[in-house]
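A.B. asks: Contents are mmCIF, C-alpha atoms; chains and numbers go by the auth columns; file name coords.cif:
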data_protein
#
loop_
_atom_site.group_PDB
_atom_site.id
_atom_site.type_symbol
_atom_site.label_atom_id
_atom_site.label_comp_id
_atom_site.label_asym_id
_atom_site.label_seq_id
_atom_site.Cartn_x
_atom_site.Cartn_y
_atom_site.Cartn_z
_atom_site.B_iso_or_equiv
_atom_site.auth_seq_id
_atom_site.auth_asym_id
ATOM 1 C CA MET A 1 -7.346 -68.407 56.094 0.00 11 D
ATOM 2 C CA VAL A 2 -5.330 -65.312 55.157 0.00 12 D
ATOM 3 C CA LYS A 3 -3.967 -65.413 51.619 0.00 13 D
ATOM 4 C CA HIS A 4 -0.296 -64.537 51.095 0.00 14 D
ATOM 5 C CA VAL A 5 0.816 -62.312 48.192 0.00 15 D
ATOM 6 C CA LEU A 6 4.468 -61.761 47.270 0.00 16 D
ATOM 7 C CA ILE A 7 5.253 -58.437 45.561 0.00 17 D
ATOM 8 C CA ILE A 8 8.424 -58.495 43.443 0.00 18 D
ATOM 9 C CA ASP A 9 9.160 -54.901 42.423 0.00 19 D
ATOM 10 C CA ASP A 10 12.198 -52.615 42.719 0.00 20 D
ATOM 11 C CA SER A 11 10.074 -49.453 43.084 0.00 21 D
ATOM 12 C CA LEU A 12 9.606 -48.559 46.752 0.00 22 D
ATOM 13 C CA THR A 13 6.644 -46.341 45.850 0.00 23 D
ATOM 14 C CA GLU A 14 4.824 -49.050 43.874 0.00 24 D
ATOM 15 C CA THR A 15 5.597 -51.631 46.540 0.00 25 D
ATOM 16 C CA ARG A 16 4.267 -49.395 49.315 0.00 26 D
ATOM 17 C CA VAL A 17 1.046 -48.682 47.398 0.00 27 D
ATOM 18 C CA PHE A 18 0.404 -52.348 46.533 0.00 28 D
ATOM 19 C CA LYS A 19 1.291 -53.507 50.061 0.00 29 D
ATOM 20 C CA SER A 20 -1.050 -50.991 51.667 0.00 30 D
ATOM 21 C CA LEU A 21 -3.933 -51.851 49.324 0.00 31 D
ATOM 22 C CA LEU A 22 -3.506 -55.585 49.767 0.00 32 D
ATOM 23 C CA GLU A 23 -3.184 -55.438 53.555 0.00 33 D
ATOM 24 C CA HIS A 24 -6.291 -53.244 53.653 0.00 34 D
ATOM 25 C CA HIS A 25 -8.111 -56.052 51.801 0.00 35 D
ATOM 26 C CA GLY A 26 -6.909 -58.650 54.307 0.00 36 D
ATOM 27 C CA TYR A 27 -3.914 -60.164 52.528 0.00 37 D
ATOM 28 C CA LYS A 28 -0.572 -61.047 54.103 0.00 38 D
ATOM 29 C CA VAL A 29 2.180 -59.402 52.019 0.00 39 D
ATOM 30 C CA SER A 30 5.861 -60.191 51.506 0.00 40 D
ATOM 31 C CA ILE A 31 8.217 -58.076 49.398 0.00 41 D
ATOM 32 C CA ALA A 32 11.272 -58.695 47.237 0.00 42 D
ATOM 33 C CA CYS A 33 13.102 -55.905 45.414 0.00 43 D
ATOM 34 C CA ASN A 34 14.421 -57.811 42.375 0.00 44 D
ATOM 35 C CA GLY A 35 13.802 -60.992 40.428 0.00 45 D
ATOM 36 C CA GLN A 36 16.568 -63.012 42.069 0.00 46 D
ATOM 37 C CA GLU A 37 15.432 -62.132 45.586 0.00 47 D
ATOM 38 C CA GLY A 38 11.839 -62.804 44.514 0.00 48 D
ATOM 39 C CA ILE A 39 12.683 -66.350 43.430 0.00 49 D
ATOM 40 C CA GLU A 40 14.404 -67.015 46.773 0.00 50 D
ATOM 41 C CA VAL A 41 11.522 -65.548 48.810 0.00 51 D
ATOM 42 C CA ALA A 42 8.953 -67.518 46.771 0.00 52 D
ATOM 43 C CA ARG A 43 10.811 -70.776 47.403 0.00 53 D
ATOM 44 C CA VAL A 44 10.930 -70.148 51.154 0.00 54 D
ATOM 45 C CA CYS A 45 7.556 -68.466 51.775 0.00 55 D
ATOM 46 C CA LYS A 46 5.407 -70.333 49.206 0.00 56 D
ATOM 47 C CA PRO A 47 2.998 -67.414 48.641 0.00 57 D
ATOM 48 C CA ASP A 48 -0.476 -68.002 47.225 0.00 58 D
ATOM 49 C CA LEU A 49 0.127 -65.467 44.420 0.00 59 D
ATOM 50 C CA ILE A 50 2.928 -63.240 43.059 0.00 60 D
ATOM 51 C CA LEU A 51 2.707 -59.700 41.674 0.00 61 D
ATOM 52 C CA MET A 52 5.736 -59.277 39.386 0.00 62 D
ATOM 53 C CA ASP A 53 7.282 -56.135 37.927 0.00 63 D
ATOM 54 C CA VAL A 54 9.279 -56.492 34.694 0.00 64 D
ATOM 55 C CA VAL A 55 12.048 -53.878 34.731 0.00 65 D
ATOM 56 C CA MET A 56 14.304 -54.769 37.687 0.00 66 D
ATOM 57 C CA PRO A 57 18.016 -55.265 38.377 0.00 67 D
ATOM 58 C CA LEU A 58 19.764 -58.680 38.434 0.00 68 D
ATOM 59 C CA LEU A 59 16.897 -60.746 36.987 0.00 69 D
ATOM 60 C CA ASN A 60 14.060 -59.001 35.190 0.00 70 D
ATOM 61 C CA GLY A 61 10.447 -60.017 35.681 0.00 71 D
ATOM 62 C CA PHE A 62 10.325 -62.099 32.506 0.00 72 D
ATOM 63 C CA GLN A 63 13.348 -64.136 33.636 0.00 73 D
ATOM 64 C CA ALA A 64 12.028 -64.531 37.175 0.00 74 D
ATOM 65 C CA THR A 65 8.571 -65.549 35.904 0.00 75 D
ATOM 66 C CA ARG A 66 10.137 -68.168 33.645 0.00 76 D
ATOM 67 C CA GLU A 67 12.255 -69.559 36.499 0.00 77 D
ATOM 68 C CA LEU A 68 9.338 -69.670 38.957 0.00 78 D
ATOM 69 C CA SER A 69 6.890 -71.195 36.484 0.00 79 D
ATOM 70 C CA ARG A 70 9.325 -73.970 35.525 0.00 80 D
ATOM 71 C CA ASN A 71 10.489 -74.877 39.029 0.00 81 D
ATOM 72 C CA PRO A 72 8.493 -77.798 40.507 0.00 82 D
ATOM 73 C CA ASP A 73 8.483 -76.082 43.922 0.00 83 D
ATOM 74 C CA THR A 74 6.939 -72.830 42.673 0.00 84 D
ATOM 75 C CA ARG A 75 5.161 -73.551 39.376 0.00 85 D
ATOM 76 C CA HIS A 76 1.768 -73.806 41.114 0.00 86 D
ATOM 77 C CA ILE A 77 1.983 -70.150 42.245 0.00 87 D
ATOM 78 C CA PRO A 78 0.033 -67.850 39.890 0.00 88 D
ATOM 79 C CA ILE A 79 2.013 -64.825 38.702 0.00 89 D
ATOM 80 C CA ILE A 80 0.387 -61.543 37.707 0.00 90 D
ATOM 81 C CA VAL A 81 2.782 -59.214 35.922 0.00 91 D
ATOM 82 C CA CYS A 82 2.286 -55.514 36.722 0.00 92 D
ATOM 83 C CA SER A 83 4.456 -53.398 34.442 0.00 93 D
ATOM 84 C CA SER A 84 4.745 -50.015 32.773 0.00 94 D
ATOM 85 C CA LYS A 85 5.791 -51.892 29.593 0.00 95 D
ATOM 86 C CA ALA A 86 2.564 -51.550 27.659 0.00 96 D
ATOM 87 C CA THR A 87 3.067 -53.282 24.310 0.00 97 D
ATOM 88 C CA GLU A 88 1.181 -56.376 23.205 0.00 98 D
ATOM 89 C CA THR A 89 4.567 -58.048 22.623 0.00 99 D
ATOM 90 C CA ASP A 90 5.468 -57.530 26.301 0.00 100 D
ATOM 91 C CA ARG A 91 2.140 -58.987 27.395 0.00 101 D
ATOM 92 C CA MET A 92 2.480 -61.994 25.108 0.00 102 D
ATOM 93 C CA TRP A 93 6.072 -62.606 26.201 0.00 103 D
ATOM 94 C CA ALA A 94 5.073 -62.509 29.887 0.00 104 D
ATOM 95 C CA MET A 95 2.313 -65.042 29.231 0.00 105 D
ATOM 96 C CA ARG A 96 4.746 -67.306 27.367 0.00 106 D
ATOM 97 C CA GLN A 97 7.043 -67.203 30.404 0.00 107 D
ATOM 98 C CA GLY A 98 4.189 -68.449 32.614 0.00 108 D
ATOM 99 C CA ALA A 99 2.301 -65.352 33.802 0.00 109 D
ATOM 100 C CA LYS A 100 -1.463 -65.733 34.279 0.00 110 D
ATOM 101 C CA ALA A 101 -2.282 -62.059 33.699 0.00 111 D
ATOM 102 C CA TYR A 102 -0.606 -58.829 32.586 0.00 112 D
ATOM 103 C CA LEU A 103 -1.648 -55.496 34.096 0.00 113 D
ATOM 104 C CA ILE A 104 -0.282 -52.159 32.915 0.00 114 D
ATOM 105 C CA LYS A 105 0.870 -49.618 35.521 0.00 115 D
ATOM 106 C CA PRO A 106 -0.564 -47.555 36.968 0.00 116 D
ATOM 107 C CA VAL A 107 -2.856 -50.420 37.940 0.00 117 D
ATOM 108 C CA LYS A 108 -6.285 -49.380 39.178 0.00 118 D
ATOM 109 C CA LEU A 109 -7.377 -50.999 42.449 0.00 119 D
ATOM 110 C CA PRO A 110 -10.535 -52.728 41.091 0.00 120 D
ATOM 111 C CA GLN A 111 -8.511 -54.208 38.216 0.00 121 D
ATOM 112 C CA LEU A 112 -5.835 -55.478 40.631 0.00 122 D
ATOM 113 C CA ILE A 113 -8.317 -57.014 43.075 0.00 123 D
ATOM 114 C CA ASP A 114 -10.278 -58.634 40.213 0.00 124 D
ATOM 115 C CA ALA A 115 -7.104 -60.223 38.821 0.00 125 D
ATOM 116 C CA ILE A 116 -5.991 -61.429 42.257 0.00 126 D
ATOM 117 C CA ASN A 117 -9.408 -62.925 42.988 0.00 127 D
ATOM 118 C CA LYS A 118 -9.474 -64.613 39.585 0.00 128 D
ATOM 119 C CA TYR A 119 -6.106 -66.330 39.986 0.00 129 D
ATOM 120 C CA LEU A 120 -5.772 -66.791 43.737 0.00 130 D
ATOM 121 C CA PRO A 121 -6.331 -70.437 44.657 0.00 131 D
ATOM 122 C CA GLY A 122 -9.765 -70.692 46.211 0.00 132 D
ATOM 123 C CA GLY A 123 -10.408 -67.065 45.252 0.00 133 D
#
Could you express the structure from this file as structure tokens?

C.D. replies:
Amino acid sequence: MVKHVLIIDDSLTETRVFKSLLEHHGYKVSIACNGQEGIEVARVCKPDLILMDVVMPLLNGFQATRELSRNPDTRHIPIIVCSSKATETDRMWAMRQGAKAYLIKPVKLPQLIDAINKYLPGG
């Protein structure tokens, strides 16, 4: 069965790179360009995993992660934050909001695939 990954990121370049890499590795990919849209897409699509940026308009990644991880309909979906925010405080805050992992951009492909495989249900 093909696993479904939702990318929530406002950067078209980052989104294109992640989407291409994931599709090349056999994943189905959906995209949302901000936290609010990401929450709506996650509720409808029920992806197997979410890759979440932090710095985005409307709702940032911390807010969206908190909302998704506390909603009974989406709290089972693992969230991996991928952000250019590189402090330990940012990482700890993301984890407190419900993220399973925190990767610093630019994310290297092996690191991304390892994290996805670790947290993807049945992965």

A.B. asks: Check the smallest atom-to-atom distance from each of D:Lys110, D:Arg80, D:Gly48, D:Val15 to His35 (chain D) using all atoms listed in the file, then report the winner.

C.D. replies: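 The closest residue to His35 (chain D) is D:Val15.
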
A.B. asks: Return the single residue from D:Cys55, D:Leu16, D:Ile60, D:Leu22 that is closest to Ser40 (chain D), with distances computed using only C-alpha atoms.

C.D. replies: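 Residue with the minimum atom-to-atom distance to Ser40 (chain D): D:Leu16.
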
A.B. asks: For the structure shown, which residues end up in the PyMOL selection byres ((chain D and resi 94) around 8)? Put them as a list in words, please?

C.D. replies: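 Evaluating the PyMOL selection byres ((chain D and resi 94) around 8) on this file yields Cys92, Ser93, Lys95, Ala96, Ile114, Lys115 and Pro116 of chain D.
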
A.B. asks: Expand the PyMOL selection byres ((chain D and resi 50) around 12) into the individual residues it matches in the shown file, reporting them as a list in words.

C.D. replies: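 Checked against the file, the PyMOL selection byres ((chain D and resi 50) around 12) matches Leu16, Ile18, Ser40, Ile41, Ala42, Cys43, Asn44, Gly45, Gln46, Glu47, Gly48, Ile49, Val51, Ala52, Arg53, Val54, Cys55, Lys56, Pro57, Leu69, Ala74, Glu77, Leu78, Asn81, Asp83 and Thr84 of chain D.
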
A.B. asks: How many Å separate CA of Val64 (chain D) from CA of Met105 (chain D)?

C.D. replies: 12.3 Å

A.B. asks: For the provided coordinates, the residues matched by the PyMOL selection byres ((chain D and resi 118-128) around 12) should be stated as a PyMOL selection string.

C.D. replies: chain D and resi 13-16+27-37+58-61+87-92+109-117+129-133

A.B. asks: Just to confirm, what's the straight-line distance from CA of Gly108 (chain D) to CA of Val65 (chain D) in Å (one decimal)?

C.D. replies: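 The value is 16.7 Å.
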
A.B. asks: Enclose region 91-96 of chain D, meaning all of its atoms listed in the file, in a box aligned along x, y and z, pad it by 8 Å on each side, and list the centre and edge lengths in Å to one decimal, as AutoDock Vina command-line options.

C.D. replies:
--center_x 4.0 --center_y -54.6 --center_z 32.2 --size_x 19.5 --size_y 25.2 --size_z 25.1

A.B. asks: So the first atom is CA of Ser21 (chain D) and the second is CA of His86 (chain D); what is the distance between them in Å, to one decimal place?

C.D. replies: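 CA of His86 (chain D) lies 25.8 Å from CA of Ser21 (chain D).
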
A.B. asks: Determine the nearest neighbour of Asp100 (chain D) from the options D:Met66, D:Ile17, D:Phe72, D:Pro82, counting only C-alpha atoms.

C.D. replies: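 Looking only at the distances to Asp100 (chain D), the closest residue turns out to be D:Phe72.
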
A.B. asks: Copy region 102-133 of chain D out of the block into a file, keeping N, CA and C atoms, as a JSON list (two decimals), in the first residue's frame.

C.D. replies:
[["chain", "number", "residue", "atom", "x", "y", "z"],
["D", 102, "MET", "N", 12.81, 21.82, 21.03],
["D", 102, "MET", "CA", 12.07, 21.41, 22.22],
["D", 102, "MET", "C", 10.61, 21.89, 22.16],
["D", 103, "TRP", "N", 10.41, 23.11, 21.68],
["D", 103, "TRP", "CA", 9.06, 23.65, 21.59],
["D", 103, "TRP", "C", 8.23, 22.84, 20.59],
["D", 104, "ALA", "N", 8.82, 22.47, 19.47],
["D", 104, "ALA", "CA", 8.11, 21.65, 18.47],
["D", 104, "ALA", "C", 7.69, 20.32, 19.08],
["D", 105, "MET", "N", 8.59, 19.70, 19.84],
["D", 105, "MET", "CA", 8.30, 18.41, 20.45],
["D", 105, "MET", "C", 7.18, 18.57, 21.50],
["D", 106, "ARG", "N", 7.19, 19.67, 22.22],
["D", 106, "ARG", "CA", 6.13, 19.90, 23.22],
["D", 106, "ARG", "C", 4.78, 20.11, 22.56],
["D", 107, "GLN", "N", 4.79, 20.58, 21.31],
["D", 107, "GLN", "CA", 3.53, 20.79, 20.59],
["D", 107, "GLN", "C", 3.00, 19.48, 20.00],
["D", 108, "GLY", "N", 3.85, 18.44, 19.96],
["D", 108, "GLY", "CA", 3.40, 17.14, 19.47],
["D", 108, "GLY", "C", 4.20, 16.56, 18.32],
["D", 109, "ALA", "N", 5.26, 17.26, 17.88],
["D", 109, "ALA", "CA", 6.10, 16.73, 16.80],
["D", 109, "ALA", "C", 6.86, 15.49, 17.28],
["D", 110, "LYS", "N", 7.10, 14.56, 16.37],
["D", 110, "LYS", "CA", 7.85, 13.34, 16.67],
["D", 110, "LYS", "C", 9.35, 13.54, 16.43],
["D", 111, "ALA", "N", 9.68, 14.42, 15.49],
["D", 111, "ALA", "CA", 11.09, 14.66, 15.15],
["D", 111, "ALA", "C", 11.24, 16.10, 14.67],
["D", 112, "TYR", "N", 12.48, 16.59, 14.71],
["D", 112, "TYR", "CA", 12.78, 17.96, 14.28],
["D", 112, "TYR", "C", 14.03, 17.92, 13.42],
["D", 113, "LEU", "N", 13.88, 18.22, 12.15],
["D", 113, "LEU", "CA", 15.00, 18.23, 11.21],
["D", 113, "LEU", "C", 15.29, 19.66, 10.80],
["D", 114, "ILE", "N", 16.58, 19.99, 10.70],
["D", 114, "ILE", "CA", 16.98, 21.35, 10.34],
["D", 114, "ILE", "C", 17.28, 21.42, 8.85],
["D", 115, "LYS", "N", 16.67, 22.42, 8.18],
["D", 115, "LYS", "CA", 16.89, 22.64, 6.75],
["D", 115, "LYS", "C", 18.27, 23.26, 6.56],
["D", 116, "PRO", "N", 18.95, 22.94, 5.47],
["D", 116, "PRO", "CA", 18.51, 22.00, 4.43],
["D", 116, "PRO", "C", 18.63, 20.56, 4.92],
["D", 117, "VAL", "N", 17.55, 19.82, 4.78],
["D", 117, "VAL", "CA", 17.49, 18.44, 5.23],
["D", 117, "VAL", "C", 18.14, 17.55, 4.17],
["D", 118, "LYS", "N", 19.04, 16.70, 4.60],
["D", 118, "LYS", "CA", 19.68, 15.76, 3.68],
["D", 118, "LYS", "C", 18.74, 14.58, 3.45],
["D", 119, "LEU", "N", 18.71, 14.07, 2.23],
["D", 119, "LEU", "CA", 17.80, 13.00, 1.85],
["D", 119, "LEU", "C", 17.87, 11.78, 2.78],
["D", 120, "PRO", "N", 19.05, 11.24, 3.10],
["D", 120, "PRO", "CA", 19.08, 10.06, 3.98],
["D", 120, "PRO", "C", 18.45, 10.35, 5.35],
["D", 121, "GLN", "N", 18.69, 11.54, 5.87],
["D", 121, "GLN", "CA", 18.13, 11.94, 7.16],
["D", 121, "GLN", "C", 16.60, 12.01, 7.08],
["D", 122, "LEU", "N", 16.08, 12.56, 6.00],
["D", 122, "LEU", "CA", 14.64, 12.67, 5.80],
["D", 122, "LEU", "C", 13.99, 11.30, 5.69],
["D", 123, "ILE", "N", 14.55, 10.45, 4.85],
["D", 123, "ILE", "CA", 13.99, 9.11, 4.64],
["D", 123, "ILE", "C", 14.07, 8.29, 5.94],
["D", 124, "ASP", "N", 15.17, 8.40, 6.67],
["D", 124, "ASP", "CA", 15.29, 7.69, 7.95],
["D", 124, "ASP", "C", 14.20, 8.12, 8.93],
["D", 125, "ALA", "N", 13.97, 9.44, 9.02],
["D", 125, "ALA", "CA", 12.95, 9.95, 9.94],
["D", 125, "ALA", "C", 11.55, 9.49, 9.50],
["D", 126, "ILE", "N", 11.28, 9.55, 8.22],
["D", 126, "ILE", "CA", 9.98, 9.11, 7.71],
["D", 126, "ILE", "C", 9.78, 7.63, 8.02],
["D", 127, "ASN", "N", 10.77, 6.82, 7.72],
["D", 127, "ASN", "CA", 10.65, 5.38, 7.98],
["D", 127, "ASN", "C", 10.49, 5.07, 9.46],
["D", 128, "LYS", "N", 11.12, 5.86, 10.31],
["D", 128, "LYS", "CA", 11.03, 5.64, 11.75],
["D", 128, "LYS", "C", 9.62, 5.92, 12.28],
["D", 129, "TYR", "N", 8.98, 6.95, 11.75],
["D", 129, "TYR", "CA", 7.70, 7.40, 12.30],
["D", 129, "TYR", "C", 6.48, 7.04, 11.48],
["D", 130, "LEU", "N", 6.68, 6.57, 10.26],
["D", 130, "LEU", "CA", 5.55, 6.19, 9.42],
["D", 130, "LEU", "C", 4.94, 4.90, 9.96],
["D", 131, "PRO", "N", 3.64, 4.88, 10.17],
["D", 131, "PRO", "CA", 3.00, 3.66, 10.66],
["D", 131, "PRO", "C", 3.33, 2.47, 9.74],
["D", 132, "GLY", "N", 3.81, 1.41, 10.32],
["D", 132, "GLY", "CA", 4.18, 0.24, 9.55],
["D", 132, "GLY", "C", 5.49, 0.39, 8.82],
["D", 133, "GLY", "N", 6.20, 1.52, 9.08],
["D", 133, "GLY", "CA", 7.44, 1.80, 8.37],
["D", 133, "GLY", "C", 8.64, 1.18, 9.00]]
